[in-house]
$ cat start-v9.txt   # compact mmCIF, C-alpha atoms
# COMPACT_ATOMS: atom_id res chain seq x y z
CA MET A 1 98.96 -152.13 -211.95
CA ARG A 2 100.44 -148.70 -212.47
CA THR A 3 103.63 -146.81 -213.10
CA ASP A 4 104.49 -144.18 -210.57
CA ARG A 5 106.58 -141.05 -210.73
CA SER A 6 109.81 -142.90 -210.08
CA GLY A 7 109.24 -145.32 -212.89
CA THR A 8 108.86 -148.17 -210.44
CA LEU A 9 105.89 -150.30 -211.10
CA GLY A 10 103.81 -153.35 -210.53
CA ARG A 11 101.44 -153.34 -207.58
CA GLY A 12 102.81 -149.85 -207.11
CA ASN A 13 105.18 -148.55 -204.49
CA ASP A 14 102.45 -148.41 -201.88
CA GLY A 15 101.61 -152.13 -202.04
CA THR A 16 105.20 -153.36 -202.22
CA ALA A 17 106.46 -150.87 -199.68
CA SER A 18 103.73 -151.78 -197.23
CA ASP A 19 104.47 -155.49 -197.70
CA LEU A 20 108.15 -154.88 -197.03
CA ARG A 21 107.42 -152.54 -194.13
CA ARG A 22 105.18 -155.16 -192.57
CA ILE A 23 108.03 -157.69 -192.87
CA VAL A 24 110.36 -155.20 -191.19
CA CYS A 25 107.85 -154.75 -188.33
CA ILE A 26 107.52 -158.52 -187.92
CA ASN A 27 111.30 -158.81 -187.75
CA GLU A 28 111.43 -156.07 -185.11
CA GLU A 29 108.95 -158.07 -182.95
CA ILE A 30 110.92 -161.27 -183.62
CA LYS A 31 114.06 -159.54 -182.33
CA THR A 32 112.17 -158.49 -179.18
CA ILE A 33 110.87 -162.02 -178.55
CA VAL A 34 114.29 -163.61 -179.22
CA ALA A 35 115.83 -161.29 -176.63
CA ILE A 36 113.08 -162.18 -174.14
CA ALA A 37 113.49 -165.93 -174.83
CA PHE A 38 117.21 -165.57 -174.09
CA ARG A 39 116.39 -163.79 -170.84
CA ILE A 40 113.82 -166.43 -169.81
CA ASN A 41 116.43 -169.13 -170.49
CA LEU A 42 118.94 -167.43 -168.20
CA MET A 43 116.30 -166.74 -165.53
CA ALA A 44 115.17 -170.37 -165.66
CA LEU A 45 118.76 -171.54 -165.25
CA ASN A 46 119.14 -169.37 -162.16
CA ALA A 47 115.76 -170.57 -160.89
CA ILE A 48 116.91 -174.21 -161.24
CA PHE A 49 119.96 -173.46 -159.06
CA LEU A 50 117.80 -171.60 -156.57
CA ALA A 51 115.36 -174.53 -156.38
CA LYS A 52 118.27 -176.93 -155.81
CA ARG A 53 119.47 -174.80 -152.91
CA ALA A 54 115.95 -174.68 -151.48
CA GLY A 55 115.89 -178.49 -151.51
CA GLN A 56 112.81 -180.65 -150.93
CA ALA A 57 110.45 -177.69 -150.45
CA ALA A 58 111.12 -176.41 -153.99
CA LEU A 59 111.04 -179.68 -155.94
CA GLY A 60 107.93 -178.59 -157.87
CA PHE A 61 109.44 -175.18 -158.54
CA GLY A 62 112.56 -176.88 -159.93
CA VAL A 63 110.48 -179.00 -162.31
CA LEU A 64 108.61 -175.92 -163.54
CA SER A 65 111.86 -173.99 -163.99
CA ASN A 66 113.13 -176.82 -166.18
CA GLU A 67 109.93 -176.65 -168.20
CA LEU A 68 110.29 -172.88 -168.56
CA ARG A 69 113.80 -173.40 -169.88
CA GLY A 70 112.43 -175.81 -172.48
CA PHE A 71 109.75 -173.23 -173.26
CA ALA A 72 112.40 -170.57 -173.88
CA VAL A 73 114.26 -172.88 -176.28
CA ALA A 74 111.04 -173.75 -178.14
CA LEU A 75 110.16 -170.06 -178.35
CA GLY A 76 113.59 -169.28 -179.85
CA ASP A 77 113.13 -172.10 -182.39
CA ASN A 78 109.71 -170.74 -183.33
CA MET A 79 111.21 -167.31 -183.89
CA ASN A 80 113.88 -168.77 -186.17
CA GLU A 81 111.15 -170.46 -188.17
CA LEU A 82 109.20 -167.19 -188.36
CA ARG A 83 112.34 -165.44 -189.58
CA ARG A 84 112.72 -168.07 -192.30
CA MET A 85 109.12 -167.44 -193.30
CA THR A 86 109.59 -163.68 -193.48
CA PHE A 87 112.53 -164.37 -195.79
CA SER A 88 110.14 -166.38 -198.02
CA SER A 89 107.79 -163.38 -197.94
CA VAL A 90 110.58 -161.08 -199.19
CA VAL A 91 111.33 -163.60 -201.96
CA ALA A 92 107.66 -163.62 -202.97
CA VAL A 93 107.31 -159.82 -202.87
CA THR A 94 110.48 -159.45 -204.96
CA ALA A 95 109.17 -161.96 -207.50
CA MET A 96 105.87 -160.06 -207.72
CA VAL A 97 107.68 -156.77 -208.34
CA LYS A 98 109.89 -158.32 -211.00
CA ARG A 99 106.95 -160.03 -212.69
CA ALA A 100 104.93 -156.82 -212.66
CA ARG A 101 107.87 -154.96 -214.20
CA LEU A 102 108.22 -157.56 -216.93
CA GLU A 103 104.49 -157.46 -217.64
CA ARG A 104 104.56 -153.67 -217.92
CA ILE A 105 107.41 -153.89 -220.42
CA LEU A 106 105.57 -156.58 -222.38
CA GLU A 107 102.37 -154.52 -222.37
CA CYS A 108 104.30 -151.54 -223.64
CA THR A 109 105.93 -153.73 -226.30
CA ASP A 110 102.52 -155.05 -227.25
CA ARG A 111 101.12 -151.52 -227.71
CA GLN A 112 104.07 -150.46 -229.82
CA SER A 113 104.02 -153.59 -231.96
CA ASP A 114 100.28 -153.46 -232.70
CA GLY A 115 99.48 -156.49 -230.61
CA LYS A 116 102.31 -158.65 -231.89
CA ALA A 117 103.62 -159.23 -228.37
CA GLN A 118 100.23 -160.57 -227.29
CA ALA A 119 101.55 -164.13 -227.48
CA LEU A 120 104.37 -163.24 -225.12
CA LEU A 121 101.93 -161.67 -222.70
CA ALA A 122 99.69 -164.72 -222.85
CA THR A 123 102.53 -166.92 -221.70
CA ARG A 124 102.93 -164.97 -218.49
CA ARG A 125 101.55 -167.06 -215.67
CA ARG A 126 99.67 -164.31 -213.95
CA GLY A 127 98.87 -164.82 -210.33
CA CYS A 128 101.37 -167.55 -209.46
CA ASP A 129 103.42 -165.21 -207.26
CA ALA A 130 100.23 -164.09 -205.59
CA ASP A 131 99.42 -167.75 -204.91
CA ASP A 132 102.87 -168.22 -203.40
CA MET A 133 102.28 -165.19 -201.22
CA LYS A 134 98.92 -166.56 -200.04
CA ARG A 135 100.53 -169.89 -199.16
CA ILE A 136 103.28 -168.14 -197.20
CA GLN A 137 100.65 -166.02 -195.41
CA ARG A 138 98.75 -169.16 -194.40
CA GLU A 139 101.92 -170.81 -193.09
CA LEU A 140 102.86 -167.65 -191.24
CA GLN A 141 99.39 -167.49 -189.67
CA GLN A 142 99.70 -171.11 -188.58
CA ARG A 143 103.11 -170.49 -187.03
CA LEU A 144 101.86 -167.39 -185.21
CA ASP A 145 98.91 -169.37 -183.82
CA ASP A 146 101.26 -172.16 -182.69
CA THR A 147 103.55 -169.61 -181.04
CA ALA A 148 100.63 -167.94 -179.27
CA ARG A 149 99.60 -171.33 -177.87
CA LEU A 150 103.18 -171.99 -176.78
CA ILE A 151 103.30 -168.65 -174.98
CA GLU A 152 99.99 -169.40 -173.28
CA LEU A 153 101.59 -172.60 -172.00
CA GLY A 154 104.55 -170.54 -170.79
CA ALA A 155 102.15 -168.23 -168.95
CA ILE A 156 100.52 -171.23 -167.26
CA LEU A 157 103.96 -172.54 -166.24
CA ALA A 158 104.85 -169.13 -164.77
CA ARG A 159 101.59 -168.99 -162.81
CA SER A 160 102.17 -172.54 -161.53
CA ALA A 161 105.68 -171.53 -160.48
CA LYS A 162 104.12 -168.71 -158.45
CA ILE A 163 101.91 -171.22 -156.64
CA GLU A 164 104.86 -173.57 -156.07
CA ALA A 165 106.91 -170.66 -154.74
CA ALA A 166 104.40 -170.27 -151.92
CA TYR A 167 105.42 -173.73 -150.69
CA GLY A 168 109.12 -172.91 -150.80
CA GLY A 169 109.54 -172.60 -147.05
CA THR A 170 112.37 -170.25 -146.11
CA PHE A 171 113.07 -169.74 -149.84
CA SER A 172 109.50 -168.69 -150.53
CA ALA A 173 110.31 -164.96 -150.90
CA PRO A 174 113.11 -165.29 -153.51
CA LEU A 175 111.17 -168.02 -155.36
CA THR A 176 108.10 -165.75 -155.47
CA GLN A 177 110.20 -162.91 -156.79
CA VAL A 178 111.64 -165.10 -159.57
CA SER A 179 108.23 -166.51 -160.53
CA THR A 180 106.72 -163.01 -160.62
CA GLU A 181 109.49 -161.96 -163.00
CA PHE A 182 108.71 -164.99 -165.17
CA ASP A 183 105.07 -163.99 -165.21
CA SER A 184 105.74 -160.39 -166.23
CA ILE A 185 108.33 -161.23 -168.88
CA ILE A 186 106.08 -163.84 -170.47
CA GLY A 187 103.37 -161.16 -170.45
CA LEU A 188 105.70 -159.11 -172.66
CA THR A 189 105.99 -161.96 -175.19
CA LEU A 190 102.18 -162.25 -175.20
CA ARG A 191 101.92 -158.59 -176.15
CA SER A 192 104.55 -159.04 -178.87
CA ILE A 193 102.83 -162.05 -180.38
CA ASP A 194 99.46 -160.23 -180.27
CA SER A 195 101.08 -157.35 -182.13
CA LEU A 196 102.47 -159.77 -184.72
CA ARG A 197 99.09 -161.41 -185.22
CA LYS A 198 97.42 -158.01 -185.62
CA GLN A 199 99.97 -156.95 -188.24
CA HIS A 200 99.44 -160.21 -190.04
CA LEU A 201 95.65 -159.82 -190.00
CA THR A 202 96.02 -156.27 -191.37
CA ARG A 203 98.00 -157.69 -194.31
CA LYS A 204 95.36 -160.35 -194.97
CA GLU A 205 92.58 -157.78 -194.92
CA THR A 206 94.41 -155.54 -197.40
CA MET B 207 120.63 -167.65 -195.71
CA LYS B 208 122.85 -164.58 -195.52
CA GLN B 209 123.41 -163.06 -192.10
CA ALA B 210 124.42 -159.59 -191.04
CA GLN B 211 127.48 -159.34 -188.78
CA THR B 212 128.71 -156.28 -186.95
CA PHE B 213 132.45 -155.98 -187.48
CA PHE B 214 132.94 -152.49 -186.08
CA SER B 215 131.04 -151.01 -183.17
CA ASP B 216 131.67 -147.88 -181.17
CA GLY B 217 128.50 -146.76 -179.43
CA GLU B 218 126.04 -145.64 -182.10
CA HIS B 219 128.64 -146.02 -184.84
CA LYS B 220 128.58 -149.43 -186.54
CA TRP B 221 129.65 -151.27 -189.65
CA LEU B 222 127.65 -154.31 -190.68
CA SER B 223 128.63 -156.88 -193.28
CA ILE B 224 126.32 -159.22 -195.14
CA VAL B 225 128.61 -161.77 -196.74
CA ARG B 226 128.61 -165.31 -198.19
CA ASP B 227 125.26 -166.71 -199.15
CA PRO B 228 125.37 -170.52 -198.83
CA ASP B 229 121.98 -170.78 -200.59
CA LYS B 230 122.96 -168.64 -203.58
CA PRO B 231 122.71 -170.39 -206.97
CA ASN B 232 126.14 -171.21 -208.40
CA TYR B 233 125.56 -169.18 -211.55
CA LEU B 234 125.47 -165.95 -209.51
CA ILE B 235 128.65 -164.28 -208.30
CA ASP B 236 128.83 -164.01 -204.51
CA THR B 237 128.86 -160.46 -203.19
CA ASN B 238 129.46 -158.61 -199.93
CA GLU B 239 127.10 -155.89 -198.85
CA TYR B 240 128.03 -153.41 -196.12
CA MET B 241 126.19 -150.82 -194.11
CA VAL B 242 127.63 -148.04 -192.01
CA SER B 243 125.29 -146.62 -189.41
CA TYR B 244 125.63 -143.63 -187.15
CA GLY B 245 123.07 -142.45 -184.63
CA GLY B 246 120.53 -144.90 -186.02
CA GLU B 247 120.84 -143.83 -189.66
CA GLY B 248 122.43 -146.04 -192.26
CA LEU B 249 124.23 -145.82 -195.57
CA LEU B 250 124.16 -149.03 -197.59
CA CYS B 251 127.29 -149.72 -199.64
CA ASP B 252 126.90 -151.67 -202.90
CA PRO B 253 123.50 -153.21 -202.08
CA GLY B 254 123.96 -155.98 -204.67
CA GLY B 255 122.04 -157.33 -207.60
CA GLN B 256 118.30 -157.78 -207.75
CA GLU B 257 118.67 -161.55 -207.43
CA VAL B 258 120.18 -161.16 -203.97
CA PHE B 259 117.70 -158.54 -202.76
CA PRO B 260 115.63 -161.02 -200.67
CA PRO B 261 118.55 -162.43 -198.63
CA VAL B 262 120.19 -159.00 -198.25
CA PHE B 263 116.96 -157.28 -197.19
CA SER B 264 116.11 -160.10 -194.77
CA ALA B 265 119.59 -160.26 -193.25
CA LEU B 266 119.73 -156.50 -192.80
CA THR B 267 116.24 -156.42 -191.29
CA ALA B 268 117.33 -158.90 -188.62
CA GLU B 269 119.87 -156.34 -187.33
CA PHE B 270 118.76 -152.89 -188.47
CA ASP B 271 115.53 -151.15 -189.37
CA PRO B 272 115.84 -150.63 -193.16
CA GLY B 273 113.43 -147.71 -192.81
CA ARG B 274 116.42 -145.87 -191.32
CA ILE B 275 118.58 -146.27 -194.42
CA ALA B 276 119.25 -142.74 -195.64
CA GLY B 277 121.06 -143.61 -198.84
CA ILE B 278 122.94 -146.02 -201.02
CA PHE B 279 126.56 -145.70 -202.03
CA ALA B 280 127.42 -147.46 -205.29
CA SER B 281 131.11 -147.90 -206.03
CA HIS B 282 130.41 -148.31 -209.75
CA GLN B 283 127.76 -149.38 -212.24
CA ASP B 284 127.98 -153.18 -212.41
CA PRO B 285 124.77 -155.21 -212.04
CA ASP B 286 126.10 -157.14 -209.03
CA ILE B 287 126.75 -153.77 -207.37
CA VAL B 288 123.45 -151.97 -207.70
CA SER B 289 120.85 -153.65 -209.95
CA SER B 290 118.70 -154.09 -206.82
CA LEU B 291 118.26 -150.29 -206.68
CA GLY B 292 114.71 -150.42 -208.11
CA LEU B 293 113.68 -152.87 -205.39
CA TRP B 294 115.14 -150.72 -202.60
CA LEU B 295 113.26 -147.79 -204.10
CA GLU B 296 110.05 -149.83 -203.96
CA PHE B 297 110.63 -149.99 -200.20
CA ASN B 298 111.63 -146.36 -199.87
CA PRO B 299 111.21 -144.12 -202.96
CA HIS B 300 113.06 -141.28 -201.21
CA LEU B 301 116.39 -143.07 -200.96
CA ARG B 302 119.33 -141.19 -202.48
CA CYS B 303 121.91 -143.09 -204.47
CA TYR B 304 125.49 -141.75 -204.55
CA ILE B 305 127.35 -142.81 -207.66
CA SER B 306 129.97 -141.42 -210.08
CA TRP B 307 128.54 -138.73 -212.36
CA LEU B 308 129.60 -140.97 -215.22
CA TRP B 309 126.83 -143.47 -214.42
CA THR B 310 123.90 -141.27 -213.40
CA SER B 311 122.15 -141.73 -216.74
CA PHE B 312 122.97 -145.45 -216.97
CA ILE B 313 121.84 -146.58 -213.53
CA PRO B 314 118.22 -145.39 -213.95
CA HIS B 315 117.86 -148.49 -216.16
CA PHE B 316 117.87 -150.31 -212.80
CA GLY B 317 115.39 -147.82 -211.29
CA GLY B 318 115.15 -144.31 -209.90
CA THR B 319 114.74 -140.81 -211.31
CA ALA B 320 116.85 -137.68 -211.52
CA GLU B 321 115.94 -136.96 -207.87
CA THR B 322 117.33 -140.33 -206.78
CA PHE B 323 120.92 -139.73 -207.81
CA VAL B 324 123.67 -137.71 -206.26
CA ALA B 325 126.45 -137.44 -208.83
CA ILE B 326 129.88 -137.92 -207.30
CA PRO B 327 132.51 -135.78 -209.03
CA ASP B 328 135.74 -137.43 -210.22
CA GLY B 329 137.67 -136.02 -207.29
CA GLY B 330 135.29 -137.54 -204.74
CA MET B 331 133.23 -135.77 -202.10
CA GLU B 332 132.05 -136.02 -198.51
CA ILE B 333 128.83 -137.69 -197.46
CA GLY B 334 127.24 -136.66 -194.17
CA LEU B 335 125.49 -139.36 -192.19
CA ASN B 336 123.67 -137.95 -189.20
CA GLY B 337 126.79 -136.05 -188.10
CA LEU B 338 129.39 -138.56 -189.30
CA THR B 339 131.48 -137.50 -192.28
CA LEU B 340 132.32 -140.21 -194.80
CA GLU B 341 134.90 -139.56 -197.50
CA VAL B 342 134.41 -140.73 -201.06
CA ILE B 343 137.80 -141.75 -202.43
CA PRO B 344 138.42 -141.83 -206.21
CA ALA B 345 139.48 -145.22 -207.57
CA HIS B 346 138.87 -144.73 -211.28
CA TYR B 347 139.78 -147.56 -213.64
CA LEU B 348 139.93 -149.92 -210.65
CA HIS B 349 138.16 -151.49 -212.35
CA SER B 350 135.40 -149.21 -213.65
CA SER B 351 136.14 -145.94 -215.46
CA GLY B 352 133.96 -144.14 -212.92
CA ASN B 353 134.81 -145.82 -209.63
CA HIS B 354 134.78 -144.67 -206.01
CA GLN B 355 135.41 -146.09 -202.57
CA LEU B 356 134.14 -145.02 -199.17
CA TYR B 357 136.45 -144.16 -196.29
CA ASP B 358 135.28 -143.83 -192.72
CA ARG B 359 138.13 -141.99 -190.99
CA LYS B 360 136.59 -142.44 -187.55
CA ALA B 361 136.16 -146.22 -187.81
CA LYS B 362 139.31 -146.55 -189.98
CA VAL B 363 137.32 -148.62 -192.45
CA LEU B 364 137.78 -148.42 -196.22
CA PHE B 365 135.06 -149.92 -198.37
CA SER B 366 137.17 -150.72 -201.41
CA GLY B 367 134.65 -152.02 -203.96
CA ASP B 368 136.36 -154.47 -206.31
CA VAL B 369 139.89 -153.64 -205.13
CA GLY B 370 140.99 -156.54 -202.94
CA ALA B 371 138.08 -158.64 -204.14
CA GLY B 372 138.40 -162.36 -204.58
CA LEU B 373 136.16 -165.32 -205.20
CA LEU B 374 136.77 -167.75 -202.39
CA PRO B 375 136.24 -171.51 -202.37
CA ALA B 376 133.01 -172.61 -200.70
CA ASP B 377 134.90 -173.93 -197.65
CA GLU B 378 136.55 -170.56 -196.96
CA SER B 379 133.78 -168.59 -195.34
CA ASP B 380 135.77 -166.52 -192.83
CA LEU B 381 134.81 -162.87 -192.67
CA PHE B 382 138.47 -161.83 -192.39
CA VAL B 383 141.55 -162.90 -194.32
CA LYS B 384 143.22 -165.53 -192.14
CA ASP B 385 146.23 -166.52 -194.24
CA PHE B 386 147.31 -163.65 -196.50
CA ASP B 387 149.69 -165.69 -198.70
CA ARG B 388 147.04 -168.30 -199.34
CA HIS B 389 144.40 -165.60 -199.93
CA ILE B 390 146.47 -163.94 -202.63
CA GLY B 391 146.07 -167.13 -204.67
CA HIS B 392 142.34 -166.42 -204.80
CA ILE B 393 142.60 -162.79 -205.89
CA GLU B 394 145.62 -162.54 -208.17
CA ALA B 395 144.05 -163.58 -211.49
CA PHE B 396 141.07 -161.32 -210.88
CA HIS B 397 143.24 -158.26 -210.25
CA ARG B 398 145.51 -158.95 -213.22
CA ARG B 399 142.57 -159.24 -215.60
CA TRP B 400 140.10 -156.68 -214.25
CA MET B 401 142.30 -153.82 -213.13
CA GLY B 402 143.16 -152.06 -216.37
CA SER B 403 145.36 -149.08 -215.61
CA GLU B 404 148.86 -149.32 -214.16
CA LYS B 405 148.95 -145.55 -213.67
CA ALA B 406 145.63 -145.48 -211.84
CA LYS B 407 146.69 -148.39 -209.65
CA ARG B 408 149.96 -146.68 -208.64
CA ASP B 409 148.14 -143.46 -207.88
CA TRP B 410 145.56 -145.29 -205.75
CA CYS B 411 148.22 -147.22 -203.82
CA GLU B 412 150.10 -144.00 -203.02
CA ARG B 413 146.99 -142.19 -201.81
CA VAL B 414 145.50 -145.06 -199.84
CA ALA B 415 148.80 -145.99 -198.17
CA LYS B 416 148.66 -142.59 -196.45
CA LEU B 417 145.24 -143.29 -194.92
CA ASP B 418 144.87 -144.79 -191.47
CA ILE B 419 143.03 -148.03 -192.26
CA ASP B 420 142.22 -150.87 -189.86
CA MET B 421 139.96 -152.74 -192.24
CA LEU B 422 139.82 -152.84 -196.02
CA CYS B 423 136.48 -154.27 -197.10
CA PRO B 424 136.06 -155.52 -200.67
CA GLN B 425 132.79 -156.28 -202.43
CA HIS B 426 133.73 -159.95 -202.90
CA GLY B 427 135.68 -162.20 -200.54
CA ALA B 428 137.22 -161.57 -197.14
CA ILE B 429 138.07 -158.37 -195.25
CA TYR B 430 141.76 -157.39 -194.78
CA ALA B 431 142.45 -156.34 -191.22
CA GLY B 432 145.46 -154.94 -189.35
CA SER B 433 148.81 -155.49 -191.03
CA ASP B 434 147.16 -157.33 -193.94
CA VAL B 435 145.83 -153.97 -195.18
CA MET B 436 149.31 -152.63 -195.91
CA ARG B 437 150.47 -156.02 -197.16
CA PHE B 438 147.64 -155.94 -199.68
CA ILE B 439 148.43 -152.39 -200.82
CA ASN B 440 152.11 -153.29 -201.29
CA TRP B 441 151.24 -156.50 -203.10
CA PHE B 442 148.82 -154.66 -205.40
CA ASP B 443 151.36 -151.93 -206.06
CA GLU B 444 153.82 -154.48 -207.40
CA LEU B 445 151.30 -156.55 -209.33
CA GLU B 446 151.43 -156.42 -213.11
CA ILE B 447 147.87 -155.68 -214.23
CA GLY B 448 145.80 -155.17 -217.37
CA ILE B 449 147.01 -158.35 -218.98
CA LEU B 450 145.15 -161.30 -220.36
CA ARG B 451 146.71 -164.07 -218.33
CA SER B 452 145.28 -166.50 -215.81

$ encode --input "start-v9.txt" --output "structure tokens"
Amino acid sequence: MRTDRSGTLGRGNDGTASDLRRIVCINEEIKTIVAIAFRINLMALNAIFLAKRAGQAALGFGVLSNELRGFAVALGDNMNELRRMTFSSVVAVTAMVKRARLERILECTDRQSDGKAQALLATRRRGCDADDMKRIQRELQQRLDDTARLIELGAILARSAKIEAAYGGTFSAPLTQVSTEFDSIIGLTLRSIDSLRKQHLTRKET
Amino acid sequence: MKQAQTFFSDGEHKWLSIVRDPDKPNYLIDTNEYMVSYGGEGLLCDPGGQEVFPPVFSALTAEFDPGRIAGIFASHQDPDIVSSLGLWLEFNPHLRCYISWLWTSFIPHFGGTAETFVAIPDGGMEIGLNGLTLEVIPAHYLHSSGNHQLYDRKAKVLFSGDVGAGLLPADESDLFVKDFDRHIGHIEAFHRRWMGSEKAKRDWCERVAKLDIDMLCPQHGAIYAGSDVMRFINWFDELEIGILRS
């Protein structure tokens, strides 16, 4: 623990600032994925209509488009949950900063009162905020892993849609185009979730 | 959880509000936080108390990169206005905080150093935000003895601090005032008790009535828009204030 030039304290500006910056980065990725999920939802809706027009030849494509729509909704829900978790992280970081500030004041009081504030210091439950933070980190990791698995499923659905598009008869070309777009857009979410997991791992290592 | 809402948008010029926290403990006063952004840079107005830092930071982050906040404007010195300053400085130690010169040696109790503060003179000043000029309007004794508001001439938005503020019932969560006559019932007692100077009030009403304002945004309660802005100024002008009466 240290006091810096600005009089702010606790884990120090660097630790707190990097925690908060990491949360900001996670939120930026969440925003990206939410926008993509919205786009997948719309694309899937269009694909369902296209499959209906294509008729019997695109039955499988229609089923997969429905599944992709469900995938987009689940992805959006996962992002909302992640956002809730990042909020918990901000709460925990704030509590750590406040606790550290209080401890610094108590330590200073203790020095100036020849150890008479020792009892006050002893009552501080050191480490409980850090425990909270670890729990939130574990939950966040779990949610990121779940989301990565969900996106892998989305990628499989998109690849299957590509195969089904080949059997789309006269509608094969537009169905292939739509399924290729699904594939590339889900690839974007994969990159975003990888980036999130990397940021999270960096936090755990530090 | 609090959510950020954009209530003015013109290209790269935006005003965001972060209002009503349904999860806030009842013992804490509810507050509105605002941010004006221009060309990707933001100025946070009355960022709130340290207890509301987590929901405010999280809500803002969902809409805007807080790393692009250039400064904080504090209308006055109250804890619900700016006691979160130390936490914002943990995130970015280089933030500048604009506040009345009267409070620049008081506010460091919440955090910051001499380099943090930009002292606003009594007559107000201009704040540049990435090419946008914001005007600091004096509103002393309304209610604080060193009190300012922020006027965005381009957006026609006045951030009015505690002027126009009201504590609304839990079921009234609209961002804008919907029924002015009903709304007055929620703000009258507050203005009578907290606004202490008749002379200052008159002076403020005369000056602000000359400004072109589409939205008057208080630090508590709902935003006045359109004709309700002038209705509020006229109502306030006639209100008897500085008296101990509910």

$ closest_residue --input "start-v9.txt" --among "B:Gln283, B:Asn238, B:Ser403, B:Ser289" --to "chain A" --atoms "only C-alpha atoms"
B:Ser289

$ atom_distance --input "start-v9.txt" --atom1 "CA of Gly245 in chain B" --atom2 "CA of Asp358 in chain B"
14.7 Å

$ residues_around --input "start-v9.txt" --residues "Leu157 in chain A" --least-positions-apart "5" --cutoff "8 Å" --atoms "all atoms listed in the file" --output "list of chain:residue names"
A:Leu64, A:Glu67, A:Leu68

$ interface_residues --input "start-v9.txt" --of "chain B" --to "chain A" --cutoff "12 Å" --atoms "all atoms listed in the file" --output "PyMOL selection string"
chain B and resi 207-209+256-274+289-301+314-323

$ closest_residue --input "start-v9.txt" --among "B:Pro375, B:Gly248, B:His389, B:Asp236" --to "Leu222 in chain B" --atoms "all atoms listed in the file"
B:Gly248

$ atom_distance --input "start-v9.txt" --atom1 "CA of Gln177 in chain A" --atom2 "CA of Ala54 in chain A"
14.1 Å
